[in-house]
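Student: Input file: run20.txt. Contents: compact mmCIF, C-alpha atoms and all ligand atoms.
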# COMPACT_ATOMS: atom_id res chain seq x y z
CA LYS A 717 17.27 2.14 -12.54
CA ARG A 718 18.13 4.29 -9.61
CA SER A 719 21.69 5.00 -8.76
CA CYS A 720 22.63 5.85 -5.19
CA SER A 721 19.42 7.78 -5.08
CA THR A 722 17.03 6.65 -2.37
CA THR A 723 15.50 9.65 -0.65
CA VAL A 724 14.32 9.97 2.91
CA PRO A 725 10.58 10.55 2.96
CA SER A 726 9.48 14.09 3.74
CA ALA A 727 8.31 14.71 7.30
CA SER A 728 4.68 15.14 6.24
CA HIS A 729 4.86 11.97 4.17
CA VAL A 730 6.31 10.11 7.14
CA MET A 731 3.62 11.39 9.48
CA ARG A 732 0.85 10.49 7.06
CA ARG A 733 2.21 7.04 6.44
CA GLY A 734 3.03 6.55 10.11
CA PHE A 735 -0.58 5.71 10.76
CA SER A 736 -1.35 3.73 7.64
CA SER A 737 1.58 1.40 7.17
CA GLU A 738 0.73 -1.43 9.55
CA SER A 739 0.36 -3.58 6.46
CA SER A 740 4.09 -3.49 5.78
CA PRO A 741 5.97 -6.38 7.44
CA GLU A 742 7.14 -6.22 11.03
CA ARG A 743 10.75 -5.04 11.08
CA LYS A 744 12.99 -4.62 14.09
CA VAL A 745 15.88 -2.20 13.82
CA ALA A 746 18.55 -1.99 16.53
CA VAL A 747 20.89 0.98 16.91
CA LEU A 748 24.09 0.25 18.86
CA GLY A 749 25.60 3.46 20.21
CA ALA A 750 22.14 5.01 20.27
CA ALA A 751 22.90 7.66 22.89
CA GLY A 752 25.80 9.14 20.90
CA GLY A 753 26.14 12.09 18.57
CA ILE A 754 25.03 10.02 15.56
CA GLY A 755 22.93 7.56 17.54
CA GLN A 756 20.38 10.06 18.85
CA PRO A 757 19.40 11.79 15.59
CA LEU A 758 19.60 8.44 13.79
CA ALA A 759 17.23 6.93 16.35
CA LEU A 760 14.90 9.88 15.74
CA LEU A 761 14.98 9.38 11.97
CA MET A 762 14.38 5.63 12.33
CA LYS A 763 11.40 6.42 14.59
CA LEU A 764 10.01 8.49 11.70
CA ASN A 765 10.41 5.60 9.26
CA PRO A 766 7.06 3.82 8.80
CA LEU A 767 8.79 0.60 7.71
CA VAL A 768 10.09 0.07 11.25
CA SER A 769 7.82 -1.70 13.76
CA LYS A 770 10.33 -2.10 16.63
CA LEU A 771 13.17 0.24 17.43
CA SER A 772 15.76 -1.04 19.85
CA LEU A 773 18.18 1.53 21.27
CA TYR A 774 21.36 0.21 22.88
CA ASP A 775 24.33 1.99 24.43
CA ILE A 776 26.64 1.54 27.39
CA ALA A 777 25.04 4.63 29.00
CA GLY A 778 22.19 7.09 28.49
CA THR A 779 19.74 4.96 26.53
CA PRO A 780 16.82 5.03 29.00
CA GLY A 781 16.46 8.79 28.52
CA VAL A 782 16.85 8.70 24.74
CA ALA A 783 14.37 5.83 24.46
CA ALA A 784 11.79 7.47 26.75
CA ASP A 785 12.04 10.71 24.79
CA ILE A 786 11.77 9.14 21.33
CA SER A 787 9.04 6.71 22.40
CA HIS A 788 6.57 9.59 22.80
CA ILE A 789 6.61 10.31 19.07
CA ASN A 790 3.35 9.13 17.54
CA THR A 791 4.66 6.94 14.74
CA ARG A 792 4.41 3.21 14.13
CA SER A 793 7.41 1.71 15.93
CA GLU A 794 7.57 0.60 19.54
CA VAL A 795 10.74 1.90 21.15
CA ALA A 796 12.80 0.13 23.81
CA GLY A 797 16.05 1.24 25.42
CA PHE A 798 18.79 -1.13 26.61
CA MET A 799 21.87 -0.20 28.60
CA GLY A 800 24.99 -2.17 29.42
CA GLU A 801 26.33 -5.46 28.15
CA ASP A 802 23.92 -7.63 30.11
CA GLN A 803 21.04 -6.11 28.08
CA LEU A 804 22.77 -6.38 24.69
CA GLY A 805 21.26 -9.78 23.88
CA GLN A 806 17.74 -8.53 24.50
CA ALA A 807 18.45 -5.43 22.43
CA LEU A 808 19.56 -7.55 19.48
CA GLU A 809 17.16 -10.50 19.55
CA GLY A 810 14.88 -10.59 16.51
CA SER A 811 16.57 -7.69 14.73
CA ASP A 812 16.28 -7.45 10.96
CA ILE A 813 18.83 -4.63 10.78
CA VAL A 814 21.54 -3.63 13.24
CA ILE A 815 23.04 -0.18 12.75
CA ILE A 816 26.38 0.42 14.50
CA PRO A 817 27.46 4.00 15.22
CA ALA A 818 29.24 2.97 18.46
CA GLY A 819 32.74 4.18 19.13
CA VAL A 820 34.90 7.26 19.44
CA PRO A 821 34.93 10.03 16.81
CA ARG A 822 37.93 11.99 15.48
CA LYS A 823 39.37 15.21 16.83
CA PRO A 824 41.28 17.71 14.63
CA GLY A 825 44.61 16.30 13.44
CA MET A 826 43.51 12.66 13.66
CA THR A 827 42.95 10.23 10.81
CA ARG A 828 40.12 7.69 10.94
CA ASP A 829 42.78 5.02 11.38
CA ASP A 830 43.80 6.71 14.65
CA LEU A 831 40.43 5.46 16.00
CA PHE A 832 41.34 1.86 15.26
CA ASN A 833 42.75 0.95 18.67
CA ILE A 834 39.54 1.82 20.53
CA ASN A 835 36.87 1.13 17.93
CA ALA A 836 38.19 -2.22 16.69
CA GLY A 837 37.59 -3.72 20.13
CA ILE A 838 34.10 -2.19 20.41
CA VAL A 839 33.11 -3.50 16.98
CA LYS A 840 34.53 -6.90 17.78
CA SER A 841 32.48 -7.29 20.95
CA LEU A 842 29.28 -5.99 19.34
CA CYS A 843 29.69 -8.32 16.33
CA THR A 844 30.33 -11.27 18.62
CA ALA A 845 26.96 -10.53 20.24
CA ILE A 846 25.26 -10.11 16.84
CA SER A 847 26.48 -13.53 15.74
CA LYS A 848 24.93 -14.96 18.90
CA TYR A 849 21.61 -13.10 19.15
CA CYS A 850 20.63 -12.08 15.59
CA PRO A 851 22.94 -13.88 13.15
CA ASN A 852 20.58 -13.22 10.22
CA ALA A 853 20.38 -9.45 10.63
CA LEU A 854 21.75 -7.02 8.06
CA VAL A 855 24.60 -5.11 9.69
CA ASN A 856 25.10 -1.45 8.77
CA MET A 857 28.58 -0.51 10.01
CA ILE A 858 29.12 3.19 10.65
CA SER A 859 31.95 3.01 13.24
CA ASN A 860 35.32 4.14 11.90
CA PRO A 861 37.67 3.26 10.38
CA VAL A 862 35.04 1.63 8.15
CA ASN A 863 37.79 0.31 5.85
CA SER A 864 38.92 -1.87 8.77
CA THR A 865 35.78 -2.33 10.92
CA VAL A 866 33.90 -4.08 8.11
CA PRO A 867 36.68 -6.68 7.62
CA ILE A 868 36.80 -7.10 11.42
CA ALA A 869 33.06 -7.81 11.47
CA ALA A 870 33.42 -10.31 8.61
CA GLU A 871 36.17 -12.21 10.44
CA ILE A 872 34.23 -12.27 13.71
CA PHE A 873 31.17 -13.64 11.90
CA LYS A 874 33.33 -16.21 10.08
CA LYS A 875 34.77 -17.43 13.38
CA ALA A 876 31.24 -17.78 14.75
CA GLY A 877 30.11 -19.60 11.60
CA THR A 878 27.45 -16.96 10.85
CA TYR A 879 29.12 -14.92 8.09
CA ASP A 880 26.91 -14.10 5.14
CA GLU A 881 28.64 -11.63 2.82
CA LYS A 882 25.25 -10.45 1.59
CA LYS A 883 24.43 -9.07 5.03
CA LEU A 884 27.41 -6.92 5.93
CA PHE A 885 27.58 -3.29 4.80
CA GLY A 886 30.01 -0.47 5.46
CA VAL A 887 27.92 2.71 5.39
CA THR A 888 29.48 5.09 2.85
CA THR A 889 26.25 6.96 2.14
CA LEU A 890 27.61 10.17 3.68
CA ASP A 891 30.21 10.31 0.91
CA VAL A 892 27.40 10.07 -1.64
CA VAL A 893 25.36 12.70 0.21
CA ARG A 894 28.36 15.07 0.17
CA ALA A 895 29.24 14.38 -3.46
CA LYS A 896 25.65 15.14 -4.48
CA THR A 897 25.55 18.38 -2.47
CA PHE A 898 28.93 19.67 -3.67
CA TYR A 899 28.24 18.70 -7.31
CA ALA A 900 24.82 20.37 -7.32
CA GLY A 901 26.37 23.56 -5.95
CA LYS A 902 29.10 23.64 -8.57
CA ALA A 903 26.97 22.52 -11.51
CA LYS A 904 24.11 24.81 -10.43
CA VAL A 905 21.51 22.06 -10.75
CA ASN A 906 18.70 21.05 -8.40
CA VAL A 907 20.30 18.83 -5.76
CA ALA A 908 17.14 16.75 -5.43
CA GLY A 909 17.71 15.24 -8.87
CA VAL A 910 21.46 14.64 -8.57
CA ASN A 911 23.11 11.22 -8.58
CA VAL A 912 26.81 10.56 -8.05
CA PRO A 913 28.28 7.11 -7.37
CA VAL A 914 31.11 7.06 -4.84
CA VAL A 915 33.35 3.99 -4.81
CA GLY A 916 36.44 2.63 -3.04
CA GLY A 917 36.42 3.03 0.72
CA HIS A 918 35.67 5.55 3.45
CA ALA A 919 38.84 7.48 4.29
CA GLY A 920 40.75 10.20 2.44
CA ILE A 921 41.88 9.17 -1.03
CA THR A 922 40.09 5.82 -0.73
CA ILE A 923 36.87 7.82 -1.21
CA LEU A 924 36.50 8.05 -5.00
CA PRO A 925 33.51 9.99 -6.31
CA LEU A 926 32.76 9.25 -9.97
CA PHE A 927 31.75 12.69 -11.19
CA SER A 928 32.12 11.53 -14.80
CA GLN A 929 28.97 9.47 -14.13
CA ALA A 930 27.13 12.25 -12.28
CA THR A 931 23.64 13.12 -13.47
CA PRO A 932 22.30 15.50 -14.60
CA ARG A 933 25.41 15.99 -16.69
CA ALA A 934 27.25 19.30 -16.44
CA ASN A 935 30.23 20.62 -18.33
CA LEU A 936 32.66 21.09 -15.49
CA ALA A 937 36.33 21.86 -16.10
CA ASP A 938 38.98 19.32 -15.02
CA GLU A 939 40.08 21.68 -12.24
CA GLU A 940 36.52 21.89 -10.96
CA ILE A 941 36.21 18.08 -10.93
CA LYS A 942 39.51 17.84 -9.03
CA ALA A 943 38.33 20.37 -6.45
CA LEU A 944 34.99 18.55 -6.04
CA THR A 945 36.81 15.24 -5.63
CA LYS A 946 39.14 16.66 -2.99
CA ARG A 947 36.26 18.31 -1.10
CA THR A 948 34.33 15.01 -1.06
CA GLN A 949 37.42 13.13 0.16
CA ASP A 950 38.02 15.74 2.87
CA GLY A 951 34.35 16.24 3.79
CA GLY A 952 34.72 14.46 7.12
CA THR A 953 37.80 16.50 8.02
CA GLU A 954 35.98 19.72 7.09
CA VAL A 955 33.37 18.91 9.77
CA VAL A 956 35.95 17.69 12.33
CA GLU A 957 37.83 20.99 12.01
CA ALA A 958 34.66 23.10 12.16
CA LYS A 959 33.59 21.25 15.33
CA ALA A 960 37.05 22.04 16.75
CA GLY A 961 37.42 19.10 19.13
CA LYS A 962 33.72 18.40 19.71
CA GLY A 963 33.61 15.38 17.38
CA SER A 964 32.83 14.65 13.75
CA ALA A 965 29.78 14.63 11.50
CA THR A 966 26.71 13.51 13.44
CA LEU A 967 23.63 15.14 11.87
CA SER A 968 24.53 14.59 8.22
CA MET A 969 25.69 11.09 9.19
CA ALA A 970 22.39 10.34 10.89
CA TYR A 971 20.61 11.47 7.70
CA ALA A 972 22.90 9.30 5.56
CA GLY A 973 22.53 6.32 7.92
CA ALA A 974 18.75 6.68 7.80
CA ILE A 975 18.78 6.71 4.00
CA PHE A 976 20.90 3.57 3.90
CA ALA A 977 18.81 1.72 6.50
CA ASP A 978 15.64 2.72 4.64
CA ALA A 979 17.11 1.25 1.44
CA CYS A 980 17.93 -1.99 3.32
CA LEU A 981 14.36 -2.15 4.68
CA LYS A 982 12.92 -1.61 1.21
CA GLY A 983 15.16 -4.35 -0.16
CA LEU A 984 14.07 -6.75 2.61
CA ASN A 985 10.44 -5.91 1.83
CA GLY A 986 10.88 -6.79 -1.83
CA VAL A 987 10.86 -3.32 -3.35
CA PRO A 988 12.62 -3.72 -6.73
CA ASP A 989 15.66 -1.80 -7.97
CA VAL A 990 16.86 -0.35 -4.69
CA VAL A 991 20.46 0.67 -5.34
CA GLU A 992 22.88 2.38 -2.94
CA CYS A 993 26.65 2.60 -2.74
CA SER A 994 28.16 0.56 0.11
CA PHE A 995 31.48 -0.97 1.21
CA VAL A 996 30.88 -4.71 0.86
CA GLN A 997 32.65 -7.97 0.09
CA SER A 998 33.43 -7.57 -3.57
CA THR A 999 35.06 -8.92 -6.70
CA VAL A 1000 34.79 -5.59 -8.53
CA THR A 1001 38.56 -5.12 -7.99
CA GLU A 1002 41.24 -7.46 -6.64
CA LEU A 1003 40.53 -6.17 -3.12
CA PRO A 1004 38.25 -8.35 -0.95
CA PHE A 1005 36.11 -5.38 0.14
CA PHE A 1006 35.22 -2.39 -1.97
CA ALA A 1007 32.49 0.25 -2.09
CA SER A 1008 30.41 0.41 -5.23
CA LYS A 1009 26.76 0.47 -6.22
CA VAL A 1010 24.89 -2.44 -4.67
CA ARG A 1011 21.39 -3.67 -5.47
CA LEU A 1012 19.55 -4.49 -2.25
CA GLY A 1013 17.05 -7.31 -1.96
CA LYS A 1014 15.26 -9.70 0.36
CA ASN A 1015 18.54 -11.23 1.55
CA GLY A 1016 20.61 -8.07 1.65
CA VAL A 1017 23.06 -7.68 -1.24
CA GLU A 1018 21.36 -8.93 -4.38
CA GLU A 1019 24.05 -7.77 -6.76
CA VAL A 1020 27.30 -5.86 -6.47
CA LEU A 1021 27.38 -3.62 -9.52
CA GLY A 1022 30.53 -2.84 -11.47
CA LEU A 1023 32.26 0.51 -11.74
CA GLY A 1024 31.12 1.46 -15.23
CA LEU A 1025 33.24 3.68 -17.43
CA LEU A 1026 35.84 5.74 -15.56
CA SER A 1027 37.60 8.91 -16.71
CA ASP A 1028 41.40 8.84 -16.82
CA TYR A 1029 41.44 10.92 -13.64
CA GLU A 1030 39.16 8.44 -11.86
CA GLN A 1031 41.17 5.49 -13.17
CA GLN A 1032 44.31 7.06 -11.66
CA GLY A 1033 42.42 7.68 -8.40
CA LEU A 1034 41.36 4.03 -8.37
CA GLU A 1035 44.91 2.75 -8.72
CA ALA A 1036 46.17 5.26 -6.15
CA LEU A 1037 43.67 4.21 -3.48
CA LYS A 1038 44.27 0.48 -3.67
CA PRO A 1039 47.44 0.20 -1.49
CA GLU A 1040 45.89 2.18 1.40
CA LEU A 1041 42.58 0.35 1.21
CA LYS A 1042 44.35 -3.01 1.02
CA SER A 1043 46.42 -2.30 4.11
CA SER A 1044 43.38 -1.06 6.10
CA ILE A 1045 41.49 -4.23 5.18
CA GLU A 1046 44.45 -6.40 6.15
CA LYS A 1047 44.85 -4.54 9.45
CA GLY A 1048 41.23 -5.35 10.33
CA ILE A 1049 41.56 -9.01 9.36
CA LYS A 1050 44.77 -9.34 11.37
CA PHE A 1051 43.23 -7.73 14.46
CA ALA A 1052 40.20 -10.01 14.39
CA ASN A 1053 42.33 -13.11 14.09
CA GLN A 1054 45.01 -12.32 16.64
CA SER A 1055 42.92 -11.04 19.53
P1 LIG A 1101 29.89 9.70 20.01
O1 LIG A 1101 31.05 9.60 20.93
O2 LIG A 1101 29.06 10.93 20.06
O3 LIG A 1101 28.91 8.47 20.24
C1 LIG A 1101 29.38 7.16 20.27
C2 LIG A 1101 28.49 6.37 21.19
O4 LIG A 1101 28.97 5.04 21.20
C3 LIG A 1101 28.48 6.87 22.65
O5 LIG A 1101 27.17 7.11 23.08
C4 LIG A 1101 29.13 5.73 23.41
O6 LIG A 1101 28.59 5.54 24.71
C5 LIG A 1101 28.78 4.55 22.50
N1 LIG A 1101 29.58 3.37 22.76
C6 LIG A 1101 30.89 3.28 23.09
N2 LIG A 1101 31.23 1.99 23.29
C7 LIG A 1101 30.11 1.27 23.07
C8 LIG A 1101 29.81 -0.13 23.13
N3 LIG A 1101 30.74 -1.02 23.45
N4 LIG A 1101 28.55 -0.50 22.86
C9 LIG A 1101 27.61 0.41 22.52
N5 LIG A 1101 27.83 1.73 22.45
C10 LIG A 1101 29.07 2.14 22.73
O7 LIG A 1101 30.45 9.46 18.53
P2 LIG A 1101 29.68 9.73 17.14
O8 LIG A 1101 29.97 11.10 16.68
O9 LIG A 1101 28.28 9.28 17.26
O10 LIG A 1101 30.50 8.75 16.16
C11 LIG A 1101 30.43 7.36 16.30
C12 LIG A 1101 31.32 6.65 15.28
O11 LIG A 1101 30.83 6.88 13.96
C13 LIG A 1101 32.77 7.13 15.26
O12 LIG A 1101 33.63 6.03 15.13
C14 LIG A 1101 32.85 8.00 14.02
O13 LIG A 1101 34.14 8.07 13.49
C15 LIG A 1101 31.91 7.24 13.11
N6 LIG A 1101 31.40 7.99 11.95
C16 LIG A 1101 31.29 7.33 10.77
C17 LIG A 1101 30.79 7.97 9.66
C18 LIG A 1101 30.66 7.24 8.35
O14 LIG A 1101 30.47 7.90 7.32
N7 LIG A 1101 30.70 5.93 8.31
C19 LIG A 1101 30.39 9.31 9.75
C20 LIG A 1101 30.51 9.95 10.97
C21 LIG A 1101 31.03 9.29 12.08
C1 LIG A 1102 32.90 11.39 8.11
O1 LIG A 1102 33.18 11.11 6.94
O2 LIG A 1102 32.34 12.45 8.43
C2 LIG A 1102 33.17 10.37 9.18
O3 LIG A 1102 33.91 9.31 8.68
C3 LIG A 1102 33.75 10.96 10.42
C4 LIG A 1102 35.16 11.45 10.25
O4 LIG A 1102 35.98 11.11 11.10
O5 LIG A 1102 35.44 12.17 9.31
Could you show the structure in this file as structure tokens?
Ligand code: NAD
Ligand code: LMR
Tutor:
Amino acid sequence: KRSCSTTVPSASHVMRRGFSSESSPERKVAVLGAAGGIGQPLALLMKLNPLVSKLSLYDIAGTPGVAADISHINTRSEVAGFMGEDQLGQALEGSDIVIIPAGVPRKPGMTRDDLFNINAGIVKSLCTAISKYCPNALVNMISNPVNSTVPIAAEIFKKAGTYDEKKLFGVTTLDVVRAKTFYAGKAKVNVAGVNVPVVGGHAGITILPLFSQATPRANLADEEIKALTKRTQDGGTEVVEAKAGKGSATLSMAYAGAIFADACLKGLNGVPDVVECSFVQSTVTELPFFASKVRLGKNGVEEVLGLGLLSDYEQQGLEALKPELKSSIEKGIKFANQS
């Protein structure tokens, strides 16, 4: 079985398959926030994915240019750009997957929760439209704070009577991407073969990489594991500080978002044993949402996998993250129900 391990096809593989994959089912993917820092490279990567037949690019501004540009790439999908709320319905109609990187990013000194006031409202309005125009789509939530935006989406869908817990995903793939990269560097192993599950949530200490389960195994000292854990938890902040006011991770996030969407497409298409980590409705802990390995299938989540054996250090990390994650989840639920 694979564990958080789907790989994005190589460019040459994509180009080859781009012309020969018309036999795979028609799949429409919509990107909401498609003209943004994540949206543009993510749109590009989805255009390179031969499993996509229609690519719908929506934003409040700038989408005509992005769509025209990307549409010239000679791969399978037809590209259409949509701008402004009156075109949102058209952008969403018929979508199999909706990826949401809409909203403001962090600046140095901010936490992801500091984005709540602006992004909660954006996510709420986009999810209201999803429940109306494509209630059966898989939703890949990228907008921060993910620990709250996913519960907001769930509540909005519940109110609309369209909630299906198998179809809502908080995208935590970037945490897995980082954990793999940092582990490979420290363990001096080929990064291409590395797997590391990352569980919990997507902010600070709620991000819990399980290096005790990393493969290939390496004999790292406790201090090295602690440093790797901290670097994974602070990976987003590392980029925010390096960008010095110009936003947060966009390129690595687009890569991670493309991996996760590709896994969802494979699941929908019936490919067996597609497993990725994601923040989903869960009974793995007492918290209603939790990130862990998830098997993807024709209806979205096929199975939420358990945590496996944890080291003492990871067990402590798990207990330590619960209060923060719980309060972020509750904040999202409260927002959705009061506004
Ligand atoms: P950005 O500002 O570059 O782009 C955001 C885009 O969203 C803009 O083009 C903007 O016009 C658009 N937008 C705003 N309101 C909208 C609406 N109502 N409908 C549609 N589009 C709308 O920001 P970015 O760097 O692309 O980051 C986007 C979000 O992704 C942020 O919240 C950021 O924190 C988050 N993020 C999450 C992860 C993760 O791992 N889940 C990683 C990186 C960034
Ligand atoms: C990340 O992990 O890079 C994102 O959540 C963006 C951020 O604010 O750190």
Student: Hey, which bits of chain A sit within 10 Å of ligand LIG 1102 (chain A), and for each residue what's the closest pair of atoms and how far apart in Å (one decimal), counting only C-alpha atoms and all ligand atoms, rows by chain and increasing number, as CSV?
Tutor:
residue,atom,partner,partner_atom,distance
A:Val820,CA,A:LIG1102,O4,9.2
A:Pro821,CA,A:LIG1102,O4,5.9
A:Arg822,CA,A:LIG1102,O4,4.9
A:Lys823,CA,A:LIG1102,O4,7.8
A:Pro824,CA,A:LIG1102,O4,9.2
A:Met826,CA,A:LIG1102,O4,8.1
A:Thr827,CA,A:LIG1102,O4,7.0
A:Arg828,CA,A:LIG1102,O4,5.4
A:Asp829,CA,A:LIG1102,O4,9.1
A:Asp830,CA,A:LIG1102,O4,9.6
A:Leu831,CA,A:LIG1102,O4,8.7
A:Ile858,CA,A:LIG1102,O3,8.0
A:Ser859,CA,A:LIG1102,O3,8.0
A:Asn860,CA,A:LIG1102,O3,6.3
A:Pro861,CA,A:LIG1102,O3,7.3
A:Val862,CA,A:LIG1102,O3,7.8
A:Val887,CA,A:LIG1102,O3,9.5
A:Thr888,CA,A:LIG1102,O1,8.2
A:Thr889,CA,A:LIG1102,O1,9.4
A:Leu890,CA,A:LIG1102,O1,6.5
A:Asp891,CA,A:LIG1102,O1,6.8
A:Arg894,CA,A:LIG1102,O1,9.2
A:His918,CA,A:LIG1102,O3,6.7
A:Ala919,CA,A:LIG1102,O3,6.9
A:Gly920,CA,A:LIG1102,O1,8.9
A:Ile923,CA,A:LIG1102,O1,9.5
A:Thr948,CA,A:LIG1102,O1,9.0
A:Gln949,CA,A:LIG1102,O1,8.2
A:Asp950,CA,A:LIG1102,O5,7.8
A:Gly951,CA,A:LIG1102,O1,6.1
A:Gly952,CA,A:LIG1102,O5,3.2
A:Thr953,CA,A:LIG1102,O5,5.1
A:Glu954,CA,A:LIG1102,O5,7.9
A:Val955,CA,A:LIG1102,O2,6.7
A:Val956,CA,A:LIG1102,O5,6.3
A:Glu957,CA,A:LIG1102,O5,9.5
A:Gly963,CA,A:LIG1102,O4,8.0
A:Ser964,CA,A:LIG1102,C3,5.1
A:Ala965,CA,A:LIG1102,O2,4.6
A:Thr966,CA,A:LIG1102,O2,7.6
A:Leu967,CA,A:LIG1102,O2,9.7
A:Ser968,CA,A:LIG1102,O2,8.1
A:Met969,CA,A:LIG1102,O2,6.8
Student: Using only C-alpha atoms, please write the residues we just selected to a file, as an mmCIF file, in the coordinates of the input.
Tutor:
data_model
loop_
_atom_site.group_PDB
_atom_site.id
_atom_site.type_symbol
_atom_site.label_atom_id
_atom_site.label_comp_id
_atom_site.auth_asym_id
_atom_site.auth_seq_id
_atom_site.Cartn_x
_atom_site.Cartn_y
_atom_site.Cartn_z
ATOM 1 C CA VAL A 820 34.900 7.260 19.440
ATOM 2 C CA PRO A 821 34.930 10.030 16.810
ATOM 3 C CA ARG A 822 37.930 11.990 15.480
ATOM 4 C CA LYS A 823 39.370 15.210 16.830
ATOM 5 C CA PRO A 824 41.280 17.710 14.630
ATOM 6 C CA MET A 826 43.510 12.660 13.660
ATOM 7 C CA THR A 827 42.950 10.230 10.810
ATOM 8 C CA ARG A 828 40.120 7.690 10.940
ATOM 9 C CA ASP A 829 42.780 5.020 11.380
ATOM 10 C CA ASP A 830 43.800 6.710 14.650
ATOM 11 C CA LEU A 831 40.430 5.460 16.000
ATOM 12 C CA ILE A 858 29.120 3.190 10.650
ATOM 13 C CA SER A 859 31.950 3.010 13.240
ATOM 14 C CA ASN A 860 35.320 4.140 11.900
ATOM 15 C CA PRO A 861 37.670 3.260 10.380
ATOM 16 C CA VAL A 862 35.040 1.630 8.150
ATOM 17 C CA VAL A 887 27.920 2.710 5.390
ATOM 18 C CA THR A 888 29.480 5.090 2.850
ATOM 19 C CA THR A 889 26.250 6.960 2.140
ATOM 20 C CA LEU A 890 27.610 10.170 3.680
ATOM 21 C CA ASP A 891 30.210 10.310 0.910
ATOM 22 C CA ARG A 894 28.360 15.070 0.170
ATOM 23 C CA HIS A 918 35.670 5.550 3.450
ATOM 24 C CA ALA A 919 38.840 7.480 4.290
ATOM 25 C CA GLY A 920 40.750 10.200 2.440
ATOM 26 C CA ILE A 923 36.870 7.820 -1.210
ATOM 27 C CA THR A 948 34.330 15.010 -1.060
ATOM 28 C CA GLN A 949 37.420 13.130 0.160
ATOM 29 C CA ASP A 950 38.020 15.740 2.870
ATOM 30 C CA GLY A 951 34.350 16.240 3.790
ATOM 31 C CA GLY A 952 34.720 14.460 7.120
ATOM 32 C CA THR A 953 37.800 16.500 8.020
ATOM 33 C CA GLU A 954 35.980 19.720 7.090
ATOM 34 C CA VAL A 955 33.370 18.910 9.770
ATOM 35 C CA VAL A 956 35.950 17.690 12.330
ATOM 36 C CA GLU A 957 37.830 20.990 12.010
ATOM 37 C CA GLY A 963 33.610 15.380 17.380
ATOM 38 C CA SER A 964 32.830 14.650 13.750
ATOM 39 C CA ALA A 965 29.780 14.630 11.500
ATOM 40 C CA THR A 966 26.710 13.510 13.440
ATOM 41 C CA LEU A 967 23.630 15.140 11.870
ATOM 42 C CA SER A 968 24.530 14.590 8.220
ATOM 43 C CA MET A 969 25.690 11.090 9.190
#
Student: Within 8 Å of region 751-754 of chain A, counting all atoms listed in the file, which residues qualify if same-chain residues fewer than 4 places away don't, as a list in words?
Tutor: Leu758, Leu773, Tyr774, Asp775, Ala777, Gly778, Thr779, Val782, Pro817, Ala818, Ala965, Thr966, Leu967, Met969 and Ala970 of chain A
Student: Please, could you write that set of residues out with C-alpha atoms as a JSON list (two decimals), keeping the file's coordinate frame?
Tutor:
[["chain", "number", "residue", "atom", "x", "y", "z"],
["A", 758, "LEU", "CA", 19.60, 8.44, 13.79],
["A", 773, "LEU", "CA", 18.18, 1.53, 21.27],
["A", 774, "TYR", "CA", 21.36, 0.21, 22.88],
["A", 775, "ASP", "CA", 24.33, 1.99, 24.43],
["A", 777, "ALA", "CA", 25.04, 4.63, 29.00],
["A", 778, "GLY", "CA", 22.19, 7.09, 28.49],
["A", 779, "THR", "CA", 19.74, 4.96, 26.53],
["A", 782, "VAL", "CA", 16.85, 8.70, 24.74],
["A", 817, "PRO", "CA", 27.46, 4.00, 15.22],
["A", 818, "ALA", "CA", 29.24, 2.97, 18.46],
["A", 965, "ALA", "CA", 29.78, 14.63, 11.50],
["A", 966, "THR", "CA", 26.71, 13.51, 13.44],
["A", 967, "LEU", "CA", 23.63, 15.14, 11.87],
["A", 969, "MET", "CA", 25.69, 11.09, 9.19],
["A", 970, "ALA", "CA", 22.39, 10.34, 10.89]]
Student: Which residue gives the smallest distance to ligand LIG 1101 (chain A) among A:Pro925, A:Gly986, A:Pro932, A:Gly973, with all atoms listed in the file counted?
Tutor: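 Smallest distance to ligand LIG 1101 (chain A) is found for A:Gly973.
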Student: Choose the residue, out of A:Thr865, A:Ser1027, A:Ser739, A:Asn852, that has the smallest atom-to-atom separation from ligand LIG 1101 (chain A); count all atoms listed in the file.
Tutor: A:Thr865
Student: Got a sec to check which residues sit within 12 Å of (24.7, -7.2, -6.3), counting only C-alpha atoms, and write them as a PyMOL selection string?
Tutor: chain A and resi 881-883+983+989-1000+1007-1022
Student: I'd like to know which of A:Leu842, A:Leu767, A:Ala1036, A:Ala759 is closest to ligand LIG 1101 (chain A), using only C-alpha atoms and all ligand atoms.
Tutor: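 Using only C-alpha atoms and all ligand atoms, the shortest distance to ligand LIG 1101 (chain A) belongs to A:Leu842.
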Student: Which distance in Å separates CA of Gly886 (chain A) and CA of Thr931 (chain A), to one decimal?
Tutor: 24.2 Å
Student: Between A:Ala958, A:Ala895, A:Ile975, A:Ile868, single out the one closest to Ile941 (chain A), counting all atoms listed in the file.
Tutor: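 Closest to Ile941 (chain A), using all atoms listed in the file: A:Ala895.
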Student: Which residue is closest to Lys1042 (chain A)? Choose from A:Gly917, A:Ala796, A:Ala972, A:Ile816 and count only C-alpha atoms.
Tutor: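 Using only C-alpha atoms, the shortest distance to Lys1042 (chain A) belongs to A:Gly917.
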Student: Enumerate, as an NGL selection string, the protein, DNA and RNA residues whose atoms approach (8.3, 4.6, 14.7) to within 9 Å, taking into account only C-alpha atoms and the coordinate frame of the file.
Tutor: :A and (734 or 760-771 or 786-787 or 789-795)
Student: Enter the distance from CA of Lys840 (chain A) to CA of Phe1006 (chain A), in Å, rounded to one decimal.
Tutor: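 Calculated distance between CA of Lys840 (chain A) and CA of Phe1006 (chain A) is 20.3 Å.
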Student: Give the answer as one residue: which of A:Asp785, A:Glu801, A:Asp978, A:Glu1035 has the shortest atom-to-atom distance to ligand LIG 1101 (chain A), using only C-alpha atoms and all ligand atoms?
Tutor: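 The closest residue to ligand LIG 1101 (chain A) is A:Glu801.
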